[in-house]
file my_file_2.txt (compact mmCIF, C-alpha atoms)
# COMPACT_ATOMS: atom_id res chain seq x y z
CA MET J 1 60.60 45.44 -31.68
CA ARG J 2 59.59 49.05 -31.14
CA ALA J 3 57.50 49.12 -34.33
CA VAL J 4 55.59 46.03 -33.22
CA ALA J 5 55.01 47.48 -29.76
CA ASP J 6 54.22 51.08 -30.73
CA SER J 7 52.43 50.68 -34.07
CA ASP J 8 51.00 47.15 -33.95
CA ALA J 9 53.23 46.41 -36.94
CA TYR J 10 53.72 42.90 -38.28
CA ALA J 11 57.28 41.78 -37.69
CA ASN J 12 57.43 39.82 -40.95
CA LEU J 13 56.56 43.01 -42.87
CA VAL J 14 58.88 45.33 -40.94
CA LEU J 15 62.10 43.32 -40.59
CA PRO J 16 62.91 42.19 -44.17
CA PRO J 17 62.93 45.75 -45.61
CA MET J 18 65.13 46.89 -42.71
CA LEU J 19 67.63 44.14 -43.47
CA ARG J 20 67.67 45.04 -47.16
CA GLU J 21 68.11 48.76 -46.46
CA ARG J 22 71.11 48.03 -44.25
CA GLY J 23 72.66 45.49 -46.60
CA ILE J 24 72.44 42.68 -44.03
CA ARG J 25 72.58 39.30 -45.76
CA GLY J 26 73.44 35.65 -45.26
CA ARG J 27 74.25 34.46 -41.77
CA ASP J 28 73.90 37.95 -40.28
CA ALA J 29 70.40 38.25 -41.72
CA GLY J 30 69.52 34.80 -40.39
CA PHE J 31 70.82 35.73 -36.94
CA ALA J 32 68.88 39.02 -36.89
CA THR J 33 65.72 37.26 -38.06
CA GLU J 34 65.87 34.58 -35.38
CA LEU J 35 66.73 37.20 -32.76
CA ALA J 36 63.72 39.36 -33.64
CA TYR J 37 61.14 36.66 -34.36
CA GLY J 38 62.28 34.40 -31.54
CA THR J 39 62.15 37.22 -29.01
CA LEU J 40 58.64 38.17 -30.07
CA ARG J 41 57.44 34.57 -30.18
CA LEU J 42 58.66 33.82 -26.64
CA ARG J 43 58.14 37.24 -25.11
CA GLY J 44 55.69 35.95 -22.50
CA ARG J 45 58.26 33.45 -21.24
CA TYR J 46 61.05 36.02 -21.16
CA ASP J 47 58.90 38.62 -19.45
CA ALA J 48 58.16 36.13 -16.67
CA VAL J 49 61.90 35.47 -16.26
CA LEU J 50 62.81 39.16 -16.36
CA ALA J 51 60.12 39.95 -13.78
CA LEU J 52 62.10 37.81 -11.32
CA CYS J 53 65.36 39.64 -12.11
CA VAL J 54 64.52 43.36 -12.17
CA GLY J 55 65.16 43.98 -8.51
CA GLY J 56 61.80 44.62 -6.91
CA ARG J 57 60.28 46.77 -9.63
CA THR J 58 57.62 45.70 -12.12
CA LEU J 59 58.20 45.41 -15.85
CA ASP J 60 55.78 48.32 -16.34
CA GLU J 61 58.33 50.49 -14.53
CA VAL J 62 61.12 49.62 -16.99
CA ASP J 63 61.53 52.01 -19.94
CA PRO J 64 60.09 50.26 -23.04
CA PRO J 65 63.32 50.50 -25.11
CA VAL J 66 65.28 49.02 -22.20
CA LEU J 67 62.73 46.26 -21.72
CA ASP J 68 62.87 45.36 -25.40
CA ALA J 69 66.66 45.15 -25.21
CA LEU J 70 66.40 42.92 -22.13
CA ARG J 71 64.05 40.64 -24.05
CA LEU J 72 66.58 40.43 -26.88
CA GLY J 73 69.29 39.60 -24.37
CA ALA J 74 67.13 36.98 -22.67
CA HIS J 75 66.48 35.24 -25.99
CA GLN J 76 70.19 35.12 -26.73
CA LEU J 77 70.88 33.67 -23.29
CA LEU J 78 67.99 31.19 -23.09
CA GLY J 79 66.92 30.53 -26.66
CA MET J 80 70.02 30.77 -28.87
CA ARG J 81 73.57 29.45 -28.88
CA VAL J 82 75.15 32.84 -28.18
CA PRO J 83 77.91 32.70 -25.53
CA PRO J 84 76.62 34.35 -22.34
CA HIS J 85 79.41 36.94 -22.16
CA ALA J 86 78.68 38.03 -25.74
CA ALA J 87 74.91 38.18 -25.19
CA VAL J 88 75.30 40.32 -22.09
CA SER J 89 78.00 42.57 -23.54
CA GLU J 90 76.23 43.27 -26.83
CA THR J 91 72.87 43.92 -25.17
CA VAL J 92 74.38 46.23 -22.57
CA GLY J 93 76.19 48.08 -25.34
CA LEU J 94 72.91 48.49 -27.21
CA VAL J 95 71.21 49.94 -24.13
CA ARG J 96 74.14 52.29 -23.50
CA GLU J 97 73.98 53.54 -27.09
CA GLN J 98 70.20 53.90 -27.27
CA VAL J 99 69.30 54.98 -23.72
CA GLY J 100 72.32 55.84 -21.58
CA ALA J 101 74.92 54.68 -19.09
CA GLY J 102 72.57 54.37 -16.12
CA ALA J 103 70.19 52.12 -17.99
CA ALA J 104 73.16 50.09 -19.24
CA GLN J 105 74.23 49.34 -15.66
CA PHE J 106 70.70 48.20 -14.88
CA ALA J 107 70.61 45.99 -17.98
CA ASN J 108 73.96 44.46 -17.05
CA ALA J 109 72.70 43.50 -13.58
CA VAL J 110 69.45 42.03 -14.91
CA LEU J 111 71.05 39.97 -17.68
CA ARG J 112 73.75 38.63 -15.40
CA ALA J 113 70.96 37.41 -13.12
CA VAL J 114 69.26 35.75 -16.08
CA SER J 115 72.51 34.09 -17.16
CA ARG J 116 73.05 32.42 -13.78
CA GLU J 117 70.39 29.76 -14.40
CA PRO J 118 69.76 27.48 -17.42
CA LEU J 119 66.48 27.51 -19.28
CA ASP J 120 65.11 24.39 -17.55
CA THR J 121 65.55 25.98 -14.14
CA TRP J 122 63.85 29.18 -15.26
CA LEU J 123 60.93 27.21 -16.69
CA GLU J 124 60.46 25.48 -13.35
CA ARG J 125 60.59 28.80 -11.50
CA ILE J 126 58.19 30.75 -13.71
CA GLY J 127 55.86 27.74 -13.91
CA ALA J 128 55.72 27.47 -10.13
CA ASP J 129 55.21 31.23 -9.86
CA ALA J 130 52.25 31.09 -12.25
CA ASP J 131 50.77 27.92 -10.72
CA PRO J 132 51.85 27.71 -7.07
CA ALA J 133 49.26 25.05 -6.23
CA GLY J 134 50.29 22.86 -9.15
CA SER J 135 46.69 22.48 -10.29
CA ASP J 136 46.32 24.96 -13.16
CA ASP J 137 48.08 23.63 -16.25
CA VAL J 138 46.67 26.43 -18.41
CA ALA J 139 48.28 29.11 -16.24
CA ARG J 140 51.58 27.25 -16.04
CA LEU J 141 51.85 26.35 -19.72
CA SER J 142 50.71 29.78 -20.85
CA VAL J 143 53.76 31.26 -19.13
CA THR J 144 56.35 28.60 -19.86
CA GLU J 145 55.27 28.18 -23.52
CA SER J 146 54.51 31.88 -24.07
CA HIS J 147 50.90 31.69 -25.21
CA PRO J 148 47.94 33.84 -24.09
CA ALA J 149 45.80 31.89 -21.64
CA TRP J 150 42.80 31.98 -23.95
CA VAL J 151 44.84 30.39 -26.75
CA THR J 152 46.16 27.69 -24.42
CA ARG J 153 42.63 26.98 -23.22
CA ALA J 154 41.27 26.85 -26.78
CA LEU J 155 44.01 24.45 -27.88
CA ARG J 156 43.28 22.15 -24.96
CA GLU J 157 39.59 22.15 -25.83
CA ALA J 158 40.45 21.41 -29.47
CA LEU J 159 42.55 18.41 -28.44
CA VAL J 160 39.82 16.97 -26.26
CA GLY J 161 37.15 17.73 -28.85
CA SER J 162 39.17 15.82 -31.45
CA GLY J 163 39.37 12.72 -29.29
CA ARG J 164 42.92 13.33 -28.11
CA THR J 165 44.11 13.82 -24.53
CA ALA J 166 44.81 17.07 -22.71
CA GLY J 167 48.18 15.56 -21.83
CA GLU J 168 49.35 16.45 -25.34
CA LEU J 169 48.87 20.16 -24.68
CA ALA J 170 52.47 20.85 -23.65
CA ASP J 171 53.82 19.21 -26.80
CA LEU J 172 51.33 21.08 -28.96
CA LEU J 173 52.34 24.45 -27.51
CA ALA J 174 56.03 23.61 -27.88
CA ALA J 175 55.47 22.64 -31.52
CA ASP J 176 53.65 25.93 -32.09
CA ASN J 177 56.76 27.74 -30.86
CA ALA J 178 59.18 25.85 -33.10
CA ALA J 179 60.78 27.99 -35.81
CA PRO J 180 59.73 26.85 -39.28
CA ARG J 181 62.26 24.90 -41.31
CA VAL J 182 63.15 25.84 -44.87
CA SER J 183 62.22 23.39 -47.62
CA LEU J 184 63.41 23.25 -51.21
CA VAL J 185 61.66 21.52 -54.09
CA ALA J 186 63.30 19.55 -56.89
CA ARG J 187 61.45 20.57 -60.04
CA PRO J 188 60.66 17.33 -61.92
CA GLY J 189 62.60 17.21 -65.15
CA LEU J 190 65.03 19.89 -63.98
CA SER J 191 66.61 18.27 -60.91
CA THR J 192 66.20 15.35 -58.57
CA PRO J 193 65.78 15.32 -54.78
CA ALA J 194 69.22 13.67 -54.49
CA GLU J 195 70.83 16.51 -56.45
CA VAL J 196 69.13 19.10 -54.28
CA ARG J 197 70.21 17.30 -51.10
CA ASP J 198 73.79 17.15 -52.34
CA ALA J 199 73.75 20.89 -53.07
CA ALA J 200 72.08 21.74 -49.76
CA GLY J 201 74.64 19.91 -47.63
CA ALA J 202 74.97 16.80 -45.55
CA ASP J 203 72.42 17.92 -42.94
CA ALA J 204 69.57 18.24 -45.47
CA GLU J 205 66.80 15.65 -45.16
CA PRO J 206 64.06 14.30 -47.41
CA GLY J 207 60.87 16.31 -47.08
CA ARG J 208 58.16 14.90 -44.87
CA TRP J 209 55.17 15.58 -47.11
CA SER J 210 56.45 15.48 -50.69
CA PRO J 211 58.77 13.07 -52.50
CA VAL J 212 60.44 15.97 -54.33
CA ALA J 213 61.01 18.12 -51.21
CA VAL J 214 64.25 18.59 -49.27
CA THR J 215 64.27 20.14 -45.80
CA LEU J 216 67.27 22.12 -44.60
CA ALA J 217 68.68 21.76 -41.11
CA GLY J 218 68.06 24.52 -38.59
CA GLY J 219 65.49 27.32 -38.70
call {"tool": "encode", "arguments": {"input": "my_file_2.txt", "output": "structure tokens"}}
result
Amino acid sequence: MRAVADSDAYANLVLPPMLRERGIRGRDAGFATELAYGTLRLRGRYDAVLALCVGGRTLDEVDPPVLDALRLGAHQLLGMRVPPHAAVSETVGLVREQVGAGAAQFANAVLRAVSREPLDTWLERIGADADPAGSDDVARLSVTESHPAWVTRALREALVGSGRTAGELADLLAADNAAPRVSLVARPGLSTPAEVRDAAGADAEPGRWSPVAVTLAGG
């Protein structure tokens, strides 16, 4: 998170070597990857939520390392299946270790405020805050779906220019935020799609685009 913010680094180039260096594999690596990528992908949404929970200050007034930790905590609370008490406790512990006790108390108060409402309620609140008159879908969707306004506007124009309706914009932005799913291929002559599905588990599905592809459940 800090490398992306401070050095304009690409997350997909920074994170994998860090995981390898620390010997983080399997489920832990998957968790860390979703935590990092998901937080970055939905940072605009989480910043809008956090702005309503930081007690009268602006996000610019929050120390960058603390703000990054709050974003990580917000993603655990609103975008992952982490129990709220664990998300708050682990994030507060991270802030205490990296910044100090005072900042940890602040983080605890902010994340407890975030945890009091479900995602749907927060989306309604930040959407209304961005579009109080209810007439600017670009402003509202840019915040709730965490896209820069110029990207949201360009996607709407692309829909209309392709003969589709602007009413599909929300679904398009949501699809753009969806984590990619992992697909496996059954090499013809070496295995069959049925064999790959059996090895991948009961939740695996036939691939959408190829007859020899198998798509795994989850991200």
call {"tool": "closest_residue", "arguments": {"input": "my_file_2.txt", "among": "J:Gly127, J:Pro180, J:Pro193, J:Pro211", "to": "Glu34 in chain J", "atoms": "all atoms listed in the file"}}
result
J:Pro180
call {"tool": "closest_residue", "arguments": {"input": "my_file_2.txt", "among": "J:Val62, J:Val185, J:Ala154, J:Val54", "to": "Arg197 in chain J", "atoms": "only C-alpha atoms"}}
result
J:Val185
call {"tool": "atom_distance", "arguments": {"input": "my_file_2.txt", "atom1": "CA of Leu50 in chain J", "atom2": "CA of Val114 in chain J"}}
result
7.3 Å
call {"tool": "closest_residue", "arguments": {"input": "my_file_2.txt", "among": "J:Thr33, J:Arg43, J:Gly134, J:His147", "to": "Leu13 in chain J", "atoms": "all atoms listed in the file"}}
result
J:Thr33
call {"tool": "atom_distance", "arguments": {"input": "my_file_2.txt", "atom1": "CA of Asn12 in chain J", "atom2": "CA of Val212 in chain J"}}
result
27.5 Å
call {"tool": "closest_atom_pairs", "arguments": {"input": "my_file_2.txt", "of": "range 121-191 of chain J", "to": "range 72-88 of chain J", "cutoff": "12 Å", "atoms": "only C-alpha atoms", "output": "CSV"}}
result
residue,atom,partner,partner_atom,distance
J:Thr121,CA,J:Leu78,CA,10.6
J:Trp122,CA,J:Leu78,CA,9.1
J:Leu123,CA,J:Leu78,CA,10.3
J:Asn177,CA,J:Gly79,CA,11.3
J:Ala178,CA,J:Gly79,CA,11.1
J:Ala179,CA,J:Gly79,CA,11.3
call {"tool": "residues_around", "arguments": {"input": "my_file_2.txt", "residues": "Arg71 in chain J", "least_positions_apart": "3", "cutoff": "12 Å", "atoms": "all atoms listed in the file", "output": "compact mmCIF listing (two decimals) with C-alpha atoms, keeping the file's coordinate frame"}}
result
# COMPACT_ATOMS: atom_id res chain seq x y z
CA MET J 1 60.60 45.44 -31.68
CA ARG J 2 59.59 49.05 -31.14
CA LEU J 35 66.73 37.20 -32.76
CA ALA J 36 63.72 39.36 -33.64
CA TYR J 37 61.14 36.66 -34.36
CA GLY J 38 62.28 34.40 -31.54
CA THR J 39 62.15 37.22 -29.01
CA LEU J 40 58.64 38.17 -30.07
CA ARG J 41 57.44 34.57 -30.18
CA LEU J 42 58.66 33.82 -26.64
CA ARG J 43 58.14 37.24 -25.11
CA GLY J 44 55.69 35.95 -22.50
CA ARG J 45 58.26 33.45 -21.24
CA TYR J 46 61.05 36.02 -21.16
CA ASP J 47 58.90 38.62 -19.45
CA ALA J 48 58.16 36.13 -16.67
CA VAL J 49 61.90 35.47 -16.26
CA LEU J 50 62.81 39.16 -16.36
CA ALA J 51 60.12 39.95 -13.78
CA LEU J 59 58.20 45.41 -15.85
CA VAL J 62 61.12 49.62 -16.99
CA PRO J 64 60.09 50.26 -23.04
CA PRO J 65 63.32 50.50 -25.11
CA VAL J 66 65.28 49.02 -22.20
CA LEU J 67 62.73 46.26 -21.72
CA ASP J 68 62.87 45.36 -25.40
CA ALA J 74 67.13 36.98 -22.67
CA HIS J 75 66.48 35.24 -25.99
CA GLN J 76 70.19 35.12 -26.73
CA LEU J 77 70.88 33.67 -23.29
CA LEU J 78 67.99 31.19 -23.09
CA GLY J 79 66.92 30.53 -26.66
CA ALA J 87 74.91 38.18 -25.19
CA VAL J 88 75.30 40.32 -22.09
CA THR J 91 72.87 43.92 -25.17
CA VAL J 92 74.38 46.23 -22.57
CA VAL J 95 71.21 49.94 -24.13
CA ALA J 107 70.61 45.99 -17.98
CA VAL J 110 69.45 42.03 -14.91
CA LEU J 111 71.05 39.97 -17.68
CA VAL J 114 69.26 35.75 -16.08
call {"tool": "residues_around", "arguments": {"input": "my_file_2.txt", "residues": "Ala130 in chain J", "least_positions_apart": "4", "cutoff": "7 Å", "atoms": "all atoms listed in the file", "output": "ChimeraX atom specification"}}
result
/J:126,139-140
call {"tool": "atom_distance", "arguments": {"input": "my_file_2.txt", "atom1": "CA of Ser89 in chain J", "atom2": "CA of Val143 in chain J"}}
result
27.1 Å
call {"tool": "closest_residue", "arguments": {"input": "my_file_2.txt", "among": "J:Ala32, J:Ala113, J:Glu168, J:Ser135", "to": "Met18 in chain J", "atoms": "all atoms listed in the file"}}
result
J:Ala32
call {"tool": "residues_around", "arguments": {"input": "my_file_2.txt", "residues": "Leu159 in chain J", "least_positions_apart": "3", "cutoff": "12 Å", "atoms": "all atoms listed in the file", "output": "list of chain:residue names"}}
result
J:Thr152, J:Arg153, J:Ala154, J:Leu155, J:Arg156, J:Ser162, J:Gly163, J:Arg164, J:Thr165, J:Ala166, J:Gly167, J:Glu168, J:Leu169, J:Ala170, J:Asp171, J:Leu172, J:Leu173
call {"tool": "axis_aligned_box", "arguments": {"input": "my_file_2.txt", "around": "range 75-91 of chain J", "padding_each_side": "8 Å", "output": "JSON"}}
result
{"center_x": 72.9, "center_y": 36.7, "center_z": -25.5, "size_x": 28.9, "size_y": 30.5, "size_z": 22.8}
call {"tool": "residues_around", "arguments": {"input": "my_file_2.txt", "residues": "Ala200 in chain J", "least_positions_apart": "4", "cutoff": "8 Å", "atoms": "all atoms listed in the file", "output": "mmCIF file with C-alpha atoms, in the coordinates of the input"}}
result
data_model
loop_
_atom_site.group_PDB
_atom_site.id
_atom_site.type_symbol
_atom_site.label_atom_id
_atom_site.label_comp_id
_atom_site.auth_asym_id
_atom_site.auth_seq_id
_atom_site.Cartn_x
_atom_site.Cartn_y
_atom_site.Cartn_z
ATOM 1 C CA VAL J 196 69.130 19.100 -54.280
ATOM 2 C CA ALA J 204 69.570 18.240 -45.470
ATOM 3 C CA LEU J 216 67.270 22.120 -44.600
#
call {"tool": "decode", "arguments": {"input": "my_file_2.txt", "residues": "range 50-62 of chain J", "atoms": "all heavy atoms", "output": "PDB file, in the first residue's frame"}}
result
ATOM      1  N   LEU J  50     -14.825   6.264   5.166  1.00  0.00           N
ATOM      2  CA  LEU J  50     -13.955   6.711   6.260  1.00  0.00           C
ATOM      3  C   LEU J  50     -14.106   8.203   6.513  1.00  0.00           C
ATOM      4  O   LEU J  50     -14.026   8.656   7.666  1.00  0.00           O
ATOM      5  CB  LEU J  50     -12.506   6.373   5.940  1.00  0.00           C
ATOM      6  CG  LEU J  50     -12.160   4.876   5.931  1.00  0.00           C
ATOM      7  CD1 LEU J  50     -10.774   4.654   5.350  1.00  0.00           C
ATOM      8  CD2 LEU J  50     -12.244   4.301   7.346  1.00  0.00           C
ATOM      9  N   ALA J  51     -14.348   8.977   5.456  1.00  0.00           N
ATOM     10  CA  ALA J  51     -14.507  10.427   5.623  1.00  0.00           C
ATOM     11  C   ALA J  51     -15.683  10.758   6.531  1.00  0.00           C
ATOM     12  O   ALA J  51     -15.690  11.815   7.184  1.00  0.00           O
ATOM     13  CB  ALA J  51     -14.690  11.094   4.263  1.00  0.00           C
ATOM     14  N   LEU J  52     -16.667   9.852   6.596  1.00  0.00           N
ATOM     15  CA  LEU J  52     -17.823  10.071   7.467  1.00  0.00           C
ATOM     16  C   LEU J  52     -17.584   9.563   8.889  1.00  0.00           C
ATOM     17  O   LEU J  52     -18.440   9.732   9.749  1.00  0.00           O
ATOM     18  CB  LEU J  52     -19.050   9.366   6.884  1.00  0.00           C
ATOM     19  CG  LEU J  52     -19.512   9.838   5.505  1.00  0.00           C
ATOM     20  CD1 LEU J  52     -20.701   9.010   5.034  1.00  0.00           C
ATOM     21  CD2 LEU J  52     -19.864  11.317   5.522  1.00  0.00           C
ATOM     22  N   CYS J  53     -16.415   8.952   9.125  1.00  0.00           N
ATOM     23  CA  CYS J  53     -16.170   8.307  10.417  1.00  0.00           C
ATOM     24  C   CYS J  53     -14.945   8.845  11.164  1.00  0.00           C
ATOM     25  O   CYS J  53     -14.634   8.342  12.244  1.00  0.00           O
ATOM     26  CB  CYS J  53     -15.979   6.800  10.216  1.00  0.00           C
ATOM     27  SG  CYS J  53     -17.406   5.947   9.512  1.00  0.00           S
ATOM     28  N   VAL J  54     -14.268   9.837  10.605  1.00  0.00           N
ATOM     29  CA  VAL J  54     -13.002  10.274  11.213  1.00  0.00           C
ATOM     30  C   VAL J  54     -13.167  11.444  12.171  1.00  0.00           C
ATOM     31  O   VAL J  54     -12.185  12.088  12.560  1.00  0.00           O
ATOM     32  CB  VAL J  54     -11.947  10.617  10.131  1.00  0.00           C
ATOM     33  CG1 VAL J  54     -11.509   9.363   9.404  1.00  0.00           C
ATOM     34  CG2 VAL J  54     -12.480  11.666   9.153  1.00  0.00           C
ATOM     35  N   GLY J  55     -14.378  11.740  12.545  1.00  0.00           N
ATOM     36  CA  GLY J  55     -14.597  12.674  13.642  1.00  0.00           C
ATOM     37  C   GLY J  55     -14.294  14.124  13.344  1.00  0.00           C
ATOM     38  O   GLY J  55     -13.616  14.788  14.128  1.00  0.00           O
ATOM     39  N   GLY J  56     -14.788  14.623  12.227  1.00  0.00           N
ATOM     40  CA  GLY J  56     -14.663  16.048  11.957  1.00  0.00           C
ATOM     41  C   GLY J  56     -13.403  16.470  11.245  1.00  0.00           C
ATOM     42  O   GLY J  56     -13.305  17.609  10.794  1.00  0.00           O
ATOM     43  N   ARG J  57     -12.432  15.612  11.119  1.00  0.00           N
ATOM     44  CA  ARG J  57     -11.230  15.951  10.357  1.00  0.00           C
ATOM     45  C   ARG J  57     -11.378  15.446   8.925  1.00  0.00           C
ATOM     46  O   ARG J  57     -12.292  14.704   8.606  1.00  0.00           O
ATOM     47  CB  ARG J  57      -9.985  15.362  11.023  1.00  0.00           C
ATOM     48  CG  ARG J  57      -9.912  13.850  10.967  1.00  0.00           C
ATOM     49  CD  ARG J  57      -8.644  13.337  11.642  1.00  0.00           C
ATOM     50  NE  ARG J  57      -8.734  13.386  13.086  1.00  0.00           N
ATOM     51  CZ  ARG J  57      -7.726  13.097  13.905  1.00  0.00           C
ATOM     52  NH1 ARG J  57      -6.544  12.764  13.404  1.00  0.00           N
ATOM     53  NH2 ARG J  57      -7.875  13.151  15.206  1.00  0.00           N
ATOM     54  N   THR J  58     -10.475  15.886   8.053  1.00  0.00           N
ATOM     55  CA  THR J  58     -10.479  15.394   6.685  1.00  0.00           C
ATOM     56  C   THR J  58      -9.481  14.247   6.562  1.00  0.00           C
ATOM     57  O   THR J  58      -8.583  14.098   7.395  1.00  0.00           O
ATOM     58  CB  THR J  58     -10.095  16.500   5.694  1.00  0.00           C
ATOM     59  OG1 THR J  58      -8.724  16.877   5.903  1.00  0.00           O
ATOM     60  CG2 THR J  58     -10.995  17.731   5.886  1.00  0.00           C
ATOM     61  N   LEU J  59      -9.616  13.457   5.515  1.00  0.00           N
ATOM     62  CA  LEU J  59      -8.676  12.358   5.329  1.00  0.00           C
ATOM     63  C   LEU J  59      -7.259  12.863   5.087  1.00  0.00           C
ATOM     64  O   LEU J  59      -6.287  12.164   5.409  1.00  0.00           O
ATOM     65  CB  LEU J  59      -9.118  11.466   4.163  1.00  0.00           C
ATOM     66  CG  LEU J  59     -10.437  10.707   4.351  1.00  0.00           C
ATOM     67  CD1 LEU J  59     -10.626   9.712   3.205  1.00  0.00           C
ATOM     68  CD2 LEU J  59     -10.488   9.984   5.693  1.00  0.00           C
ATOM     69  N   ASP J  60      -7.118  14.065   4.540  1.00  0.00           N
ATOM     70  CA  ASP J  60      -5.789  14.643   4.335  1.00  0.00           C
ATOM     71  C   ASP J  60      -5.071  14.896   5.658  1.00  0.00           C
ATOM     72  O   ASP J  60      -3.843  15.010   5.688  1.00  0.00           O
ATOM     73  CB  ASP J  60      -5.884  15.960   3.562  1.00  0.00           C
ATOM     74  CG  ASP J  60      -6.275  15.741   2.109  1.00  0.00           C
ATOM     75  OD1 ASP J  60      -6.087  14.609   1.615  1.00  0.00           O
ATOM     76  OD2 ASP J  60      -6.771  16.693   1.473  1.00  0.00           O
ATOM     77  N   GLU J  61      -5.835  14.995   6.737  1.00  0.00           N
ATOM     78  CA  GLU J  61      -5.248  15.248   8.055  1.00  0.00           C
ATOM     79  C   GLU J  61      -4.859  13.966   8.780  1.00  0.00           C
ATOM     80  O   GLU J  61      -4.291  14.022   9.865  1.00  0.00           O
ATOM     81  CB  GLU J  61      -6.231  16.051   8.911  1.00  0.00           C
ATOM     82  CG  GLU J  61      -6.545  17.433   8.351  1.00  0.00           C
ATOM     83  CD  GLU J  61      -7.633  18.146   9.131  1.00  0.00           C
ATOM     84  OE1 GLU J  61      -8.762  17.606   9.189  1.00  0.00           O
ATOM     85  OE2 GLU J  61      -7.356  19.233   9.678  1.00  0.00           O
ATOM     86  N   VAL J  62      -5.183  12.813   8.204  1.00  0.00           N
ATOM     87  CA  VAL J  62      -4.836  11.523   8.803  1.00  0.00           C
ATOM     88  C   VAL J  62      -3.474  11.092   8.266  1.00  0.00           C
ATOM     89  O   VAL J  62      -3.226  11.158   7.060  1.00  0.00           O
ATOM     90  CB  VAL J  62      -5.897  10.458   8.469  1.00  0.00           C
ATOM     91  CG1 VAL J  62      -5.530   9.120   9.094  1.00  0.00           C
ATOM     92  CG2 VAL J  62      -7.274  10.921   8.961  1.00  0.00           C
TER      93      VAL J  62
END
